[in-house]
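Okay, structure first, notes after.
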Amino acid sequence: MSTGAPKNSPTAALIVRNLRVGFGAVDPVVRGVSFEIARGECLAIVGESGSGKSVTARSLLGLAGANARVSADRLELDGQNVLGLTDRAWRARRGKTVGLVLQDALVSLDPLRPIGREIADSLRLHTTLGAAARARRVLELLDAVGLPDPARQVQKLSGQLSGGERQRALIAAAIALDPPLLIADEPTTALDVTVQAQILALLEQITLAGTAVLLISHDLAVVSHVAHRVAVMHDGLLVETGSTAQVLGSPAHVQTRRMVAAIPADKPRGTRLSLNLRAADAPPRIATTDSTVACDSTVVLEASGLSKSFRRPDGSRFLAVDDVSFVLHRGSTLGIVGESGSGKTTTARLLLALLQPDQGEVRVFGEPWSAASEKTRRGLRVGVGAIYQDSLGSFDPRWSVAEILRDALGHRQQRRAPQTTARLRSLLDEVGLAATVLPRRPLELSGGQRQRIGIARALAARPEILICDEPVSSLDVSVQAQVLDLLDDVQRDRGLSLIFISHDLGVVQHVSDQIAVMRAGRIMESGPAARVFTAPQHPYSVQLLAAVPRLSI
Amino acid sequence: MSDLEVRARLATRADRLGQPRRLGVAESVAGMLALLLLVSALAPQLLAPGDPLGIDPLSAFEPPNLAHGFGTDESGRDIYTRVVHGTQSSLLIGAAATAIGLGLGIVLGTLAGMLGRVVDFTVNRFLEVLFAFPGLLLALLFIVIFGPGVATATIAVGLSTAPGYARIIRAQLISVRSTAFVEAATVLGRTRWQILRRHILPNTLAPLFVLATLGIGQAIVWAATLSYLGLGAEPPTAEWGAMLSAGRTYITSAWWMSFFPGLFIVLTAVTATVLGRGIDRRMRHL
């Protein structure tokens with residue numbers, strides 16, 4: 001990275017003392033937060049969504065919002081007080097003394113302007129550089145953030161770049177003026193693991209160059225690689241702050257322990273990920289080494305030679321799924337892992353017979369499935385349930401939880417029948433929800449609650465196979481832990497066979513008996529989970545495994 | 001999402017639902033006007049006990065005064081009584097025309113959205129041809145063929161609004177059809193017909209009622225336009241458009257003859273629009 005003046009002055013880049021942020025009449029969202037970041041240091045604020053971490057970050061940029069009440073004993077950016085600045089004064093500082101990188105680069109970049117112009121904007125507003133000098137600086141920046149072939153990329157629109165490239169462009173824009181502080185709010189959450197590893201390496205490099213970096217994330221494993229210090233935020237307060245090794249190695253606060261326990265990678269199948277806080281001292285459920293108790297050699301689902309191609313807008317065809325074969329044994333979990341564009345979701349849709357394969361066949365319980373007509377298949381569909389990533393979108397927005405579950409039970413005629421009510425309650429009980437959610441609509445529930453309803457709906461028809469397409473990808477790590485534990489429980493209790501599709505190798509490793517690694521529509525490697533993870537054969541599996549976020553202390 | 005955030009969300013929702021919904025000034029006024037209009041349509045005698053057709057040549061062309069609040073027309077009929085009694089036919093025309101337009105739109109839109117490419121293509125080309133004509137021209141064409149009168153004017157207005165509704169319904173239907181919850185219903189083993197009835201149609205049509213409220217105002221204006229042109233209700237029927245037209249001859253000497261019916265056309269249309277937008281806003285936030 002080409003830096004300007006060396007930034008090794010001893011002053012902290014950011015000092016925050018007793019920051020409080022509130023909205024409206026309700027209790028403050030941030031309730032007295034203090035921390036500081038030195039130059040060349042990376043501090044990570046980690047917390048679940050709703051803990052107040054993003055509001056904290058936004059207050060540091062004067063972006064908390066018009067109706068926010070921000071107060072603090074001290075709020076200094078680069079040695080200057082920034083408390084109570086006017087909008088105008090903030091504009092002069094944003095980009096110059098503090099840069100921001102957001103989660104979703106697609107919406108953070110103007111879709112109709114080339115990224116080069118987007119990056120040059122801050123140079124145009126804050127410096128006296130001429131057009132040619134600006135263009136040179138943009139190329140330098142793109143080069144610094146590791147975007148290949150910058151001269152060609154500057155002309156592209158954000159929609160023409162991949163997720164990782166967009167995130168790099170966004171980082172380039174944020175560091176264009178070499179601000180002493182860079183705030184990155186969930187910068188890698190939307191990215192594939194291998195790209196995530198690259199972006200984290202880039203942030204580390206920026207820190208090494210002397211910039212103070214504030215990293216906001218819900219995922220402890222992600223930040224453990226780059227952060228020097230970690231602050232755990234919960235309910236508007238920093239409950240634990242310390243060096244990364246100290247906080248992750250010997251977590252003191254229960255919230256930290258919960259978040260550390262929730263990281264699925266390297267935890268054997270059957271281990272509880274969510275700490276039961278009410279019975280924190282109770283012995284953990286004993287992890288059976290032979291987790292495939294109910295597993296036998298009966299094949300319940302078989303895919304043979306599946307291929308599916310789609311037409312591109314320009315008329316050419318591309319193979320989304322290319323000669324994919326696998327079998328699912330009763331009571332076991334087959335994990336399908338791959339990055340975006342690997343054909344995982346198309347495979348899921350083929351398995352659910354929402355798409356017809358061009359070639360190959362899916363058989364369920366030994367019966368023809370993909371080859372059967374929808375009419376014949378309908379009778380078998382009760383045996384095959386599905387859990388979706390976007391659980392909210394999978395519910396009719398007009399329906400309450402009670403209506404959704406009643407519909408799934410197929411008891412529409414006898415809606416007030418006592419046995420229906422009893423079934424609803426037992427279903428909710430099974431997924432760990434109280435009957436109070438029944439009259440609510442999914443929109444009013446939290447992400448974790450929604451996914452529990454999604455699982456309850458899938459279970460209502462008493463399926464034998466569950467096809468889970470990224471069931472925990474949109475959830476926080478700690479909520480993800482609870483949902484994974486829940487899936488594990490229902491699988492044991494009901495002897496279900498699961499297809500578990502995810503981009504997250506850590507999650508797949510935790511839940512699967514068998515694993516198939518997909519890339520560009522093909523299965524690169526498949527086999528028992530333990531074998532694939534300890535001795536991967538294919539170079540791509542090796543690369544993917546290396547990128548899995550683990551706690552590194 | 002943590003409990004905190006959920007609680008905050010629920011709190012704001014409870015605010016919206018629990019407290020008497022904070023109505024804007026415009027919405028309150030529109031609500032009261034709508035109530036008055038409904039009373040005049042259903043029981044005009046309550047507000048104007050007189051006879052809307054009763055003539056009194058001695059008091060012709062009286063400007064607004066204490067005896068005749070809105071003045072009188074060339075035959076001495078009380079304009080206020082006539083305006084109140086005219087509400088019924090104007091509202092009826094507006095509602096009936098909207099119902100016709102919406103009904104036809106639902107049929108065409110559903111056909112296009114559900115029955116595959118060939119039907120979709122055919123219906124779309126047909127709608128495009130209809131769209132090429134301004135709505136009123138289409139209505140005029142229909143009247144030219146079937147002759148003037150209240151019934152034909154109503155049908156004409158309904159027909160001319162149908163293509164717009166059909167297009168919106170088709171687009172909405174197509175977007176609902178490809179949602180995740182429709183897929184989820186397929187996975188649960190529901191038939192096409194069950195999915196159409198339980199998920200697609202309700203989610204397609206719910207937003208339309210807002211549109212229909214907005215449409216009533218528009219339909220009333222169009223119906224009045226047709227009556228004004230002498231193609232709808234005919235004098236001496238107490239109908240706003242016809243009254244407006246009758247007053248046209250005397251506009252320089254007796255402005256009140258056109259002013260008050262015109263005022264009510266405008267008020268009704270504005271009321272329908274404000275209410276429609278209000279409902280729309282609430283439905284969006286829910």
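Starting from 1 in every chain, residues are counted up; chains themselves are A, B, ... following the order of the structure tokens, and ligands are numbered from 1 as listed.
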
Test item: residues at most 8 Å from Val154 (chain A), only C-alpha atoms, excluding those fewer than 4 positions along its chain, as a ChimeraX atom specification: /A:114-117,139,150

Non-local contacts of Ser340 (chain A) (9 Å; only C-alpha atoms; under 6 positions in same chain excluded) as a PyMOL selection string: chain A and resi 191-192+503+519

For region 417-421 of chain A: contacts at 12 Å, only C-alpha atoms, fewer than 4 positions along chain excluded, given as a VMD selection string: chain A and resid 402 to 403 405 to 413 425 to 428 435 438 460

Interatomic distance, CA of Ala227 (chain A) to CA of Arg258 (chain A) (Å, one decimal): 19.3 Å

Report as a PDB file with N, CA and C atoms, in the first residue's frame all protein, DNA and RNA residues lying within 9 Å of region 110-112 of chain A, evaluated on only C-alpha atoms, omitting residues in the same chain fewer than 2 positions from it.
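What ended up in result-v1.pdb:
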```pdb
ATOM      1  N   LEU A 106     -22.638  -4.433  -2.767  1.00  0.00           N
ATOM      2  CA  LEU A 106     -23.477  -4.223  -3.942  1.00  0.00           C
ATOM      3  C   LEU A 106     -24.367  -3.001  -3.758  1.00  0.00           C
ATOM      4  N   VAL A 107     -24.909  -2.822  -2.546  1.00  0.00           N
ATOM      5  CA  VAL A 107     -25.763  -1.661  -2.344  1.00  0.00           C
ATOM      6  C   VAL A 107     -24.962  -0.447  -1.906  1.00  0.00           C
ATOM      7  N   SER A 108     -23.703  -0.641  -1.494  1.00  0.00           N
ATOM      8  CA  SER A 108     -22.913   0.499  -1.063  1.00  0.00           C
ATOM      9  C   SER A 108     -22.289   1.231  -2.242  1.00  0.00           C
ATOM     10  N   PRO A 114     -19.030   3.718 -12.878  1.00  0.00           N
ATOM     11  CA  PRO A 114     -17.857   2.850 -12.822  1.00  0.00           C
ATOM     12  C   PRO A 114     -17.196   2.981 -11.454  1.00  0.00           C
ATOM     13  N   ILE A 115     -16.624   1.881 -10.955  1.00  0.00           N
ATOM     14  CA  ILE A 115     -16.054   1.919  -9.618  1.00  0.00           C
ATOM     15  C   ILE A 115     -14.903   2.910  -9.526  1.00  0.00           C
ATOM     16  N   GLU A 118     -16.299   6.128  -8.557  1.00  0.00           N
ATOM     17  CA  GLU A 118     -16.762   6.054  -7.175  1.00  0.00           C
ATOM     18  C   GLU A 118     -15.607   6.284  -6.204  1.00  0.00           C
ATOM     19  N   LEU A 157     -18.826  -1.464 -13.798  1.00  0.00           N
ATOM     20  CA  LEU A 157     -19.874  -1.102 -12.844  1.00  0.00           C
ATOM     21  C   LEU A 157     -19.872  -2.138 -11.727  1.00  0.00           C
ATOM     22  N   SER A 158     -20.421  -1.744 -10.590  1.00  0.00           N
ATOM     23  CA  SER A 158     -20.336  -2.646  -9.438  1.00  0.00           C
ATOM     24  C   SER A 158     -21.012  -3.984  -9.737  1.00  0.00           C
ATOM     25  N   GLY A 159     -22.066  -3.963 -10.570  1.00  0.00           N
ATOM     26  CA  GLY A 159     -22.770  -5.201 -10.890  1.00  0.00           C
ATOM     27  C   GLY A 159     -21.943  -6.175 -11.708  1.00  0.00           C
TER      28      GLY A 159
END
```
